[in-house]
Amino acid sequence: MLYILALFLFASLPFSLSLSYVPLTLALLFGLRFKVLPRDFLLILLLYAWRFVSLLMGGRSPIPIKDVYDKSGYVAFSSLRLSEGRFNLLMAVLGFSFSTVSVLGILGKHTQLLDTGREYAYCLGRCEMEIKDSTSFWVFWVGDRRGNFLLRDGERVPFEVGVVHPPGRYTLMSERGIVLGFRSEDVSLGKGWRDRVKEPHLYGYRFFKGFYDHPLHVGGVFGALFLLFLTLGLFYSKAYLLFTPLMLYPLHLADAKFYLFISLLLGLFILYLRLGMSDRLPALSLWVVTFLLVLFNSLPFLYAFRLRLNFWKAAIEVFGRGDFWGIGYDHAWEVLKPFYERGLVDNYSHFHNSYLTALVETGVVGFLLLLFLNVYFPIRFALASRKVRGYARAFNLAVAFVLVFIALGGIFESNYDTAIINLLVFSLMGVGYSLSRRD
């Protein structure tokens, strides 16, 4: 029964977060009957206990700690009993289901099959357009939220997301650049516009977001899966290498630069570990060339890094005037919003760094707990891989690399509490734990 639920989870997770909670919940209820609880799951509970304290000390609702449920896959699947055949079927379901999402992303990017009728265009300076039917815009601030305004027949009109504009001739003025989203059938663009692109299904602007709400979630999930199948392919069965291109390409479609960087770096290290000494030089040369191409042929990489620095500076400033308990878990947006309103950052969800977000929200104690977990678990699964053989060894080693990937990704993204990443990674941890106990 537990095995069937694991198959159900890995088949549904790529397409629906809501649906995946069904097999997770049933697996948790069924798995607890075996009374197998990974002792180190208590470390995760300790982190959430401290987050609970931070919320109480700040006089806030404790509801955000419900996120711990996304990590319950570690417990739910720790009682699995997997023969080699069942293991391969489980991995095949995981690989083919996520490959389907990858193929949809490729079709959306390179064909018209997933066309939505939505478009985006870039404006810097003066841009003219005609609205043929009442419509509203999707606005992406590129340079600075200030210095953008909309004119209709020479008079300034409200310019915010969701405001409905009647038919007429309009002029958009932008001092530092802005991306405007609109329905193709409602708007006709005039002079001044450039970089016009269509938005397919499963995309946000020009970036692939799949079924996960945000392109960076795609980067986290598919980067982890790329390392999983690369490790299985190199240390167990070469058949798993067939999945790696379809796991890696979505990182490009999502423009997840940092995740792509880390994936290639760890992929290089995995290849180095696996190949014999005589084969390492050509293999390493190939990966280094690929790595340099990605790094130096992507100027937006440097721009994205500069934006991250603004978030990190804001985090240090906020922490410097905070207290021992932090501001309360899951409330970074409250203190980041003023920086957004001043045009220093482009959103106020979090600080684009798991560790700095933890420092601001839960203080030094919460920061140290998160740091410890992100060091402990990769080591724990790497050591477990040395105690088993065959597919169990390869899978535990793969989980260790996935956890290193998430830990390093946390330097550039606030990824530790992302639902899709947690549901995948902690379920993989549960499978790894069960395999490390089979001998």
# chains A, B, ... in the order shown; residues from 1 in each chain; ligands from 1

call {"tool": "residues_around", "arguments": {"residues": "stretch 99-115 of chain A", "least_positions_apart": "3", "cutoff": "6 Å", "atoms": "only C-alpha atoms", "output": "NGL selection string"}}
result
:A and (95-96 or 200-201 or 246)

call {"tool": "select_by_dssp", "arguments": {"residues": "stretch 85-295 of chain A", "states": "strand (DSSP E)", "output": "tab-separated table (two decimals) with N, CA and C atoms, in the first residue's frame"}}
result
chain	number	residue	atom	x	y	z
A	115	ASP	N	-0.28	28.51	-27.06
A	115	ASP	CA	-0.49	29.95	-27.11
A	115	ASP	C	-1.68	30.37	-26.24
A	116	THR	N	-1.53	31.47	-25.51
A	116	THR	CA	-2.59	31.95	-24.61
A	116	THR	C	-3.27	33.22	-25.12
A	117	GLY	N	-2.68	33.85	-26.12
A	117	GLY	CA	-3.22	35.13	-26.57
A	117	GLY	C	-2.69	36.30	-25.77
A	118	ARG	N	-1.77	36.04	-24.83
A	118	ARG	CA	-1.16	37.12	-24.04
A	118	ARG	C	0.22	37.44	-24.60
A	119	GLU	N	0.57	38.73	-24.54
A	119	GLU	CA	1.88	39.18	-25.02
A	119	GLU	C	2.52	40.14	-24.03
A	120	TYR	N	3.82	40.34	-24.22
A	120	TYR	CA	4.57	41.31	-23.42
A	120	TYR	C	5.46	42.12	-24.34
A	121	ALA	N	5.68	43.38	-23.98
A	121	ALA	CA	6.58	44.24	-24.74
A	121	ALA	C	7.29	45.19	-23.79
A	122	TYR	N	8.47	45.61	-24.21
A	122	TYR	CA	9.31	46.46	-23.35
A	122	TYR	C	9.23	47.91	-23.83
A	123	CYS	N	9.13	48.82	-22.86
A	123	CYS	CA	9.06	50.25	-23.16
A	123	CYS	C	10.11	51.01	-22.36
A	124	LEU	N	10.87	51.83	-23.03
A	124	LEU	CA	11.82	52.74	-22.39
A	124	LEU	C	11.69	54.09	-23.09
A	125	GLY	N	11.26	55.11	-22.33
A	125	GLY	CA	11.00	56.41	-22.94
A	125	GLY	C	9.53	56.57	-23.26
A	126	ARG	N	9.23	56.90	-24.51
A	126	ARG	CA	7.85	57.17	-24.94
A	126	ARG	C	7.38	56.04	-25.86
A	127	CYS	N	6.24	55.43	-25.51
A	127	CYS	CA	5.70	54.32	-26.30
A	127	CYS	C	4.20	54.55	-26.52
A	128	GLU	N	3.78	54.37	-27.74
A	128	GLU	CA	2.39	54.63	-28.11
A	128	GLU	C	1.64	53.32	-28.35
A	129	MET	N	0.31	53.36	-28.09
A	129	MET	CA	-0.51	52.18	-28.34
A	129	MET	C	-1.97	52.61	-28.45
A	130	GLU	N	-2.76	51.70	-29.02
A	130	GLU	CA	-4.20	51.91	-29.12
A	130	GLU	C	-4.91	50.74	-28.45
A	131	ILE	N	-5.82	51.05	-27.53
A	131	ILE	CA	-6.64	50.02	-26.91
A	131	ILE	C	-7.93	49.91	-27.71
A	138	TRP	N	-0.85	43.68	-17.36
A	138	TRP	CA	0.04	43.06	-16.37
A	138	TRP	C	1.35	43.83	-16.45
A	139	VAL	N	1.81	44.34	-15.34
A	139	VAL	CA	2.96	45.24	-15.34
A	139	VAL	C	4.14	44.59	-14.63
A	140	PHE	N	5.30	44.63	-15.28
A	140	PHE	CA	6.55	44.18	-14.67
A	140	PHE	C	7.50	45.36	-14.60
A	141	TRP	N	7.83	45.79	-13.40
A	141	TRP	CA	8.76	46.90	-13.24
A	141	TRP	C	10.18	46.39	-13.46
A	148	ASN	N	7.11	55.96	-14.03
A	148	ASN	CA	6.29	55.34	-15.06
A	148	ASN	C	4.87	55.91	-14.96
A	149	PHE	N	4.33	56.41	-16.07
A	149	PHE	CA	2.95	56.88	-16.03
A	149	PHE	C	2.32	56.74	-17.41
A	150	LEU	N	0.98	56.72	-17.41
A	150	LEU	CA	0.19	56.46	-18.61
A	150	LEU	C	-0.66	57.68	-18.95
A	151	LEU	N	-0.68	58.06	-20.23
A	151	LEU	CA	-1.46	59.20	-20.70
A	151	LEU	C	-2.53	58.73	-21.67
A	152	ARG	N	-3.72	59.31	-21.55
A	152	ARG	CA	-4.80	59.08	-22.52
A	152	ARG	C	-5.27	60.43	-23.03
A	155	GLU	N	-3.85	63.30	-21.06
A	155	GLU	CA	-4.12	63.40	-19.64
A	155	GLU	C	-3.66	62.13	-18.92
A	156	ARG	N	-3.10	62.32	-17.74
A	156	ARG	CA	-2.57	61.19	-16.97
A	156	ARG	C	-3.72	60.37	-16.38
A	157	VAL	N	-3.62	59.04	-16.48
A	157	VAL	CA	-4.65	58.14	-15.96
A	157	VAL	C	-3.99	57.12	-15.04
A	168	GLY	N	-9.17	53.68	-26.76
A	168	GLY	CA	-8.61	54.99	-27.04
A	168	GLY	C	-7.13	54.90	-27.34
A	169	ARG	N	-6.51	56.06	-27.59
A	169	ARG	CA	-5.08	56.13	-27.86
A	169	ARG	C	-4.34	56.51	-26.58
A	170	TYR	N	-3.29	55.75	-26.27
A	170	TYR	CA	-2.56	55.94	-25.02
A	170	TYR	C	-1.07	56.09	-25.31
A	171	THR	N	-0.42	56.76	-24.37
A	171	THR	CA	1.04	56.90	-24.40
A	171	THR	C	1.60	56.49	-23.05
A	172	LEU	N	2.52	55.55	-23.07
A	172	LEU	CA	3.19	55.10	-21.85
A	172	LEU	C	4.56	55.76	-21.78
A	173	MET	N	4.85	56.40	-20.64
A	173	MET	CA	6.13	57.04	-20.42
A	173	MET	C	6.88	56.29	-19.32
A	174	SER	N	8.12	55.90	-19.61
A	174	SER	CA	8.92	55.17	-18.63
A	174	SER	C	10.36	55.70	-18.65
A	175	GLU	N	10.83	56.13	-17.49
A	175	GLU	CA	12.18	56.70	-17.39
A	175	GLU	C	13.26	55.62	-17.37
A	176	ARG	N	12.95	54.45	-16.74
A	176	ARG	CA	14.00	53.45	-16.56
A	176	ARG	C	13.62	52.08	-17.13
A	177	GLY	N	12.50	52.01	-17.80
A	177	GLY	CA	12.14	50.77	-18.48
A	177	GLY	C	11.07	49.98	-17.75
A	178	ILE	N	10.13	49.41	-18.52
A	178	ILE	CA	9.04	48.65	-17.95
A	178	ILE	C	8.57	47.61	-18.97
A	179	VAL	N	8.12	46.46	-18.49
A	179	VAL	CA	7.55	45.43	-19.35
A	179	VAL	C	6.05	45.43	-19.13
A	180	LEU	N	5.30	45.52	-20.21
A	180	LEU	CA	3.84	45.58	-20.13
A	180	LEU	C	3.26	44.30	-20.72
A	181	GLY	N	2.34	43.68	-19.99
A	181	GLY	CA	1.63	42.50	-20.46
A	181	GLY	C	0.21	42.87	-20.87
A	182	PHE	N	-0.28	42.27	-21.96
A	182	PHE	CA	-1.60	42.63	-22.47
A	182	PHE	C	-2.13	41.49	-23.34
A	183	ARG	N	-3.43	41.55	-23.63
A	183	ARG	CA	-4.04	40.59	-24.53
A	183	ARG	C	-3.89	41.09	-25.96
A	187	VAL	N	-5.12	45.11	-27.75
A	187	VAL	CA	-4.16	46.22	-27.83
A	187	VAL	C	-3.38	46.16	-29.13
A	188	SER	N	-3.18	47.34	-29.73
A	188	SER	CA	-2.34	47.48	-30.92
A	188	SER	C	-1.19	48.42	-30.57
A	189	LEU	N	0.03	47.92	-30.66
A	189	LEU	CA	1.19	48.73	-30.28
A	189	LEU	C	1.63	49.64	-31.40
A	193	TRP	N	7.96	50.67	-28.88
A	193	TRP	CA	7.99	49.37	-28.22
A	193	TRP	C	9.08	48.48	-28.82
A	194	ARG	N	9.57	47.54	-27.99
A	194	ARG	CA	10.55	46.57	-28.48
A	194	ARG	C	10.47	45.29	-27.65
A	195	ASP	N	11.19	44.27	-28.12
A	195	ASP	CA	11.25	42.97	-27.42
A	195	ASP	C	9.86	42.40	-27.16
A	196	ARG	N	9.04	42.39	-28.18
A	196	ARG	CA	7.68	41.86	-28.04
A	196	ARG	C	7.71	40.34	-28.06
A	197	VAL	N	7.11	39.71	-27.05
A	197	VAL	CA	7.12	38.25	-26.95
A	197	VAL	C	5.73	37.76	-26.56
A	198	LYS	N	5.41	36.53	-26.99
A	198	LYS	CA	4.17	35.90	-26.60
A	198	LYS	C	4.38	35.06	-25.35
A	199	GLU	N	3.31	34.93	-24.55
A	199	GLU	CA	3.38	34.13	-23.33
A	199	GLU	C	2.56	32.85	-23.50
A	200	PRO	N	3.23	31.70	-23.59
A	200	PRO	CA	2.50	30.43	-23.71
A	200	PRO	C	1.93	30.00	-22.36
A	203	TYR	N	3.91	29.50	-18.68
A	203	TYR	CA	4.98	30.49	-18.64
A	203	TYR	C	4.48	31.74	-17.92
A	204	GLY	N	5.43	32.45	-17.31
A	204	GLY	CA	5.18	33.77	-16.76
A	204	GLY	C	6.10	34.73	-17.48
A	207	PHE	N	9.37	33.25	-19.09
A	207	PHE	CA	10.05	32.26	-18.25
A	207	PHE	C	9.12	31.10	-17.89
A	208	PHE	N	9.63	29.91	-18.02
A	208	PHE	CA	8.86	28.70	-17.76
A	208	PHE	C	8.64	28.54	-16.26

call {"tool": "residues_around", "arguments": {"residues": "A:Leu248", "least_positions_apart": "6", "cutoff": "7 Å", "atoms": "only C-alpha atoms", "output": "list in words"}}
result
Phe222, Gly223 and Phe226 of chain A

call {"tool": "residues_around", "arguments": {"residues": "A:Phe98", "least_positions_apart": "4", "cutoff": "12 Å", "atoms": "only C-alpha atoms", "output": "PDB file with C-alpha atoms, in the first residue's frame"}}
result
ATOM      1  CA  LEU A   9       2.718  10.909  -5.258  1.00  0.00           C
ATOM      2  CA  PHE A  10       5.522  10.879  -7.830  1.00  0.00           C
ATOM      3  CA  ALA A  11       3.004  10.669 -10.667  1.00  0.00           C
ATOM      4  CA  SER A  12       0.833  13.566  -9.425  1.00  0.00           C
ATOM      5  CA  LEU A  13       3.415  15.924  -7.924  1.00  0.00           C
ATOM      6  CA  PRO A  14       4.656  17.375 -11.252  1.00  0.00           C
ATOM      7  CA  PHE A  15       1.133  18.468 -12.196  1.00  0.00           C
ATOM      8  CA  SER A  16      -0.724  19.352  -8.990  1.00  0.00           C
ATOM      9  CA  MET A  91      12.167   6.125 -10.373  1.00  0.00           C
ATOM     10  CA  ALA A  92      10.746   5.582 -13.862  1.00  0.00           C
ATOM     11  CA  VAL A  93       7.397   7.062 -12.794  1.00  0.00           C
ATOM     12  CA  LEU A  94       9.210  10.033 -11.275  1.00  0.00           C
ATOM     13  CA  SER A 102       9.648  19.418 -19.401  1.00  0.00           C
ATOM     14  CA  VAL A 103       8.307  18.499 -22.845  1.00  0.00           C
ATOM     15  CA  LEU A 104       5.341  20.833 -22.324  1.00  0.00           C
ATOM     16  CA  GLY A 105       7.790  23.609 -21.520  1.00  0.00           C
ATOM     17  CA  GLY A 210       5.320  24.876 -15.111  1.00  0.00           C
ATOM     18  CA  PHE A 211       2.602  24.106 -12.576  1.00  0.00           C
ATOM     19  CA  VAL A 218      11.131  25.088 -11.624  1.00  0.00           C
ATOM     20  CA  VAL A 221      12.877  21.088  -8.640  1.00  0.00           C
ATOM     21  CA  PHE A 222      14.459  20.243 -11.989  1.00  0.00           C
ATOM     22  CA  GLY A 223      17.976  21.017 -10.765  1.00  0.00           C
ATOM     23  CA  ALA A 224      17.458  18.493  -7.961  1.00  0.00           C
ATOM     24  CA  LEU A 225      16.082  15.912 -10.397  1.00  0.00           C
ATOM     25  CA  PHE A 226      18.976  16.452 -12.808  1.00  0.00           C
ATOM     26  CA  PHE A 229      19.233  10.996 -12.308  1.00  0.00           C
ATOM     27  CA  PHE A 243      16.355  11.664 -18.195  1.00  0.00           C
ATOM     28  CA  THR A 244      19.133  14.206 -17.543  1.00  0.00           C
ATOM     29  CA  PRO A 245      18.676  16.428 -20.647  1.00  0.00           C
ATOM     30  CA  LEU A 246      14.965  16.800 -19.926  1.00  0.00           C
ATOM     31  CA  MET A 247      15.731  17.623 -16.289  1.00  0.00           C
ATOM     32  CA  LEU A 248      18.410  20.207 -17.129  1.00  0.00           C
ATOM     33  CA  TYR A 249      16.760  22.089 -20.004  1.00  0.00           C
ATOM     34  CA  PRO A 250      13.871  23.505 -17.898  1.00  0.00           C
ATOM     35  CA  LEU A 424       9.852  16.241  -3.652  1.00  0.00           C
TER      36      LEU A 424
END

call {"tool": "atom_distance", "arguments": {"atom1": "atom CA of A:Asp417", "atom2": "atom CA of A:Leu265"}}
result
23.5 Å

call {"tool": "residues_around", "arguments": {"residues": "A:Phe381", "least_positions_apart": "6", "cutoff": "8 Å", "atoms": "only C-alpha atoms", "output": "ChimeraX atom specification"}}
result
/A:396-397,399-400,432

call {"tool": "write_last_selection", "arguments": {"atoms": "C-alpha atoms", "output": "mmCIF file, in the first residue's frame"}}
result
data_model
loop_
_atom_site.group_PDB
_atom_site.id
_atom_site.type_symbol
_atom_site.label_atom_id
_atom_site.label_comp_id
_atom_site.auth_asym_id
_atom_site.auth_seq_id
_atom_site.Cartn_x
_atom_site.Cartn_y
_atom_site.Cartn_z
ATOM 1 C CA ASN A 396 21.438 7.647 -1.002
ATOM 2 C CA LEU A 397 24.422 9.302 -2.655
ATOM 3 C CA VAL A 399 19.912 12.301 -2.204
ATOM 4 C CA ALA A 400 23.056 13.679 -0.564
ATOM 5 C CA GLY A 432 16.623 6.966 0.926
#

call {"tool": "select_by_dssp", "arguments": {"residues": "stretch 18-201 of chain A", "states": "alpha helix (DSSP H)", "output": "JSON, numbers by chain"}}
result
{"A": [18, 19, 20, 21, 22, 23, 24, 25, 26, 27, 28, 29, 30, 31, 41, 42, 43, 44, 45, 46, 47, 48, 49, 50, 51, 52, 53, 54, 55, 56, 57, 73, 74, 75, 76, 84, 85, 86, 87, 88, 89, 90, 91, 92, 93, 94, 95, 96, 97, 98, 99, 100, 101, 102, 103, 104, 105, 106, 107, 108, 109, 110]}

call {"tool": "residues_around", "arguments": {"residues": "A:Val364", "least_positions_apart": "3", "cutoff": "12 Å", "atoms": "only C-alpha atoms", "output": "PDB file with N, CA and C atoms, in the first residue's frame"}}
result
ATOM      1  N   TRP A  50      11.156  26.396  17.236  1.00  0.00           N
ATOM      2  CA  TRP A  50      11.719  27.740  17.422  1.00  0.00           C
ATOM      3  C   TRP A  50      10.973  28.775  16.576  1.00  0.00           C
ATOM      4  N   ARG A  51      10.564  28.383  15.396  1.00  0.00           N
ATOM      5  CA  ARG A  51       9.778  29.294  14.569  1.00  0.00           C
ATOM      6  C   ARG A  51       8.450  29.622  15.253  1.00  0.00           C
ATOM      7  N   SER A  54       9.188  32.188  17.833  1.00  0.00           N
ATOM      8  CA  SER A  54       9.400  33.514  17.240  1.00  0.00           C
ATOM      9  C   SER A  54       8.075  34.193  16.905  1.00  0.00           C
ATOM     10  N   PHE A 319      18.044  43.155  10.278  1.00  0.00           N
ATOM     11  CA  PHE A 319      18.522  42.356  11.407  1.00  0.00           C
ATOM     12  C   PHE A 319      19.231  43.225  12.430  1.00  0.00           C
ATOM     13  N   GLY A 320      19.957  44.230  11.963  1.00  0.00           N
ATOM     14  CA  GLY A 320      20.699  45.095  12.875  1.00  0.00           C
ATOM     15  C   GLY A 320      19.824  45.866  13.841  1.00  0.00           C
ATOM     16  N   GLY A 322      16.780  44.566  14.799  1.00  0.00           N
ATOM     17  CA  GLY A 322      15.803  43.619  15.314  1.00  0.00           C
ATOM     18  C   GLY A 322      16.112  43.165  16.723  1.00  0.00           C
ATOM     19  N   ASP A 323      15.403  42.108  17.186  1.00  0.00           N
ATOM     20  CA  ASP A 323      15.630  41.588  18.525  1.00  0.00           C
ATOM     21  C   ASP A 323      16.028  40.114  18.445  1.00  0.00           C
ATOM     22  N   PHE A 324      16.215  39.505  19.586  1.00  0.00           N
ATOM     23  CA  PHE A 324      16.723  38.140  19.684  1.00  0.00           C
ATOM     24  C   PHE A 324      15.813  37.133  18.991  1.00  0.00           C
ATOM     25  N   TRP A 325      14.506  37.337  19.043  1.00  0.00           N
ATOM     26  CA  TRP A 325      13.539  36.378  18.529  1.00  0.00           C
ATOM     27  C   TRP A 325      13.306  36.520  17.034  1.00  0.00           C
ATOM     28  N   GLY A 326      13.773  37.614  16.455  1.00  0.00           N
ATOM     29  CA  GLY A 326      13.450  37.892  15.068  1.00  0.00           C
ATOM     30  C   GLY A 326      12.062  38.502  14.952  1.00  0.00           C
ATOM     31  N   ILE A 327      11.637  38.759  13.731  1.00  0.00           N
ATOM     32  CA  ILE A 327      10.345  39.423  13.525  1.00  0.00           C
ATOM     33  C   ILE A 327       9.190  38.423  13.464  1.00  0.00           C
ATOM     34  N   TYR A 355      19.129  31.712   4.375  1.00  0.00           N
ATOM     35  CA  TYR A 355      19.806  31.920   5.649  1.00  0.00           C
ATOM     36  C   TYR A 355      19.564  33.327   6.192  1.00  0.00           C
ATOM     37  N   LEU A 356      19.613  34.331   5.322  1.00  0.00           N
ATOM     38  CA  LEU A 356      19.342  35.696   5.774  1.00  0.00           C
ATOM     39  C   LEU A 356      17.868  35.870   6.119  1.00  0.00           C
ATOM     40  N   THR A 357      16.993  35.190   5.374  1.00  0.00           N
ATOM     41  CA  THR A 357      15.566  35.232   5.709  1.00  0.00           C
ATOM     42  C   THR A 357      15.344  34.636   7.098  1.00  0.00           C
ATOM     43  N   ALA A 358      16.008  33.511   7.384  1.00  0.00           N
ATOM     44  CA  ALA A 358      15.902  32.894   8.713  1.00  0.00           C
ATOM     45  C   ALA A 358      16.469  33.814   9.788  1.00  0.00           C
ATOM     46  N   LEU A 359      17.559  34.497   9.487  1.00  0.00           N
ATOM     47  CA  LEU A 359      18.180  35.403  10.455  1.00  0.00           C
ATOM     48  C   LEU A 359      17.239  36.537  10.834  1.00  0.00           C
ATOM     49  N   VAL A 360      16.577  37.108   9.836  1.00  0.00           N
ATOM     50  CA  VAL A 360      15.655  38.215  10.100  1.00  0.00           C
ATOM     51  C   VAL A 360      14.387  37.725  10.795  1.00  0.00           C
ATOM     52  N   GLU A 361      13.842  36.606  10.341  1.00  0.00           N
ATOM     53  CA  GLU A 361      12.551  36.145  10.855  1.00  0.00           C
ATOM     54  C   GLU A 361      12.664  35.445  12.204  1.00  0.00           C
ATOM     55  N   PHE A 367      18.586  30.933  12.545  1.00  0.00           N
ATOM     56  CA  PHE A 367      19.600  30.895  11.488  1.00  0.00           C
ATOM     57  C   PHE A 367      20.550  29.714  11.687  1.00  0.00           C
ATOM     58  N   LEU A 368      21.031  29.517  12.910  1.00  0.00           N
ATOM     59  CA  LEU A 368      21.974  28.433  13.192  1.00  0.00           C
ATOM     60  C   LEU A 368      21.317  27.061  13.041  1.00  0.00           C
ATOM     61  N   LEU A 369      20.057  26.951  13.430  1.00  0.00           N
ATOM     62  CA  LEU A 369      19.350  25.675  13.256  1.00  0.00           C
ATOM     63  C   LEU A 369      19.212  25.318  11.783  1.00  0.00           C
ATOM     64  N   LEU A 370      18.848  26.289  10.963  1.00  0.00           N
ATOM     65  CA  LEU A 370      18.709  26.031   9.532  1.00  0.00           C
ATOM     66  C   LEU A 370      20.055  25.674   8.911  1.00  0.00           C
ATOM     67  N   LEU A 371      21.093  26.402   9.296  1.00  0.00           N
ATOM     68  CA  LEU A 371      22.429  26.126   8.775  1.00  0.00           C
ATOM     69  C   LEU A 371      22.877  24.718   9.155  1.00  0.00           C
TER      70      LEU A 371
END

call {"tool": "closest_residue", "arguments": {"among": "A:Phe377, A:Tyr272, A:Phe426, A:Tyr329", "to": "A:Val404", "atoms": "only C-alpha atoms"}}
result
A:Phe377

call {"tool": "atom_distance", "arguments": {"atom1": "atom CA of A:Gly73", "atom2": "atom CA of A:Leu423"}}
result
6.6 Å

call {"tool": "residues_around", "arguments": {"residues": "A:Ile63", "least_positions_apart": "6", "cutoff": "10 Å", "atoms": "only C-alpha atoms", "output": "short mmCIF file (atom, residue, chain, number, x, y, z; two decimals) with N, CA and C atoms, in the first residue's frame"}}
result
data_model
loop_
_atom_site.label_atom_id
_atom_site.label_comp_id
_atom_site.auth_asym_id
_atom_site.auth_seq_id
_atom_site.Cartn_x
_atom_site.Cartn_y
_atom_site.Cartn_z
N PHE A 52 7.88 28.62 15.91
CA PHE A 52 6.65 28.83 16.67
C PHE A 52 6.88 29.86 17.78
N LEU A 55 7.10 33.41 16.47
CA LEU A 55 5.79 33.96 16.16
C LEU A 55 5.06 34.41 17.43
N TYR A 329 8.50 34.07 12.03
CA TYR A 329 8.61 33.25 10.83
C TYR A 329 7.55 33.61 9.79
N ASP A 330 7.98 33.66 8.53
CA ASP A 330 7.11 33.92 7.38
C ASP A 330 6.58 35.35 7.33
#

call {"tool": "atom_distance", "arguments": {"atom1": "atom CA of A:Ser184", "atom2": "atom CA of A:Asp213"}}
result
22.7 Å

call {"tool": "closest_residue", "arguments": {"among": "A:Pro166, A:Gly363, A:Pro64, A:Pro38", "to": "A:Lys132", "atoms": "only C-alpha atoms"}}
result
A:Pro166

call {"tool": "closest_residue", "arguments": {"among": "A:Gly328, A:Met1, A:Phe351, A:Gly267", "to": "A:Gly58", "atoms": "only C-alpha atoms"}}
result
A:Gly328

call {"tool": "closest_residue", "arguments": {"among": "A:Ile44, A:Ala407, A:Leu373, A:Leu37", "to": "A:Asp70", "atoms": "only C-alpha atoms"}}
result
A:Ile44
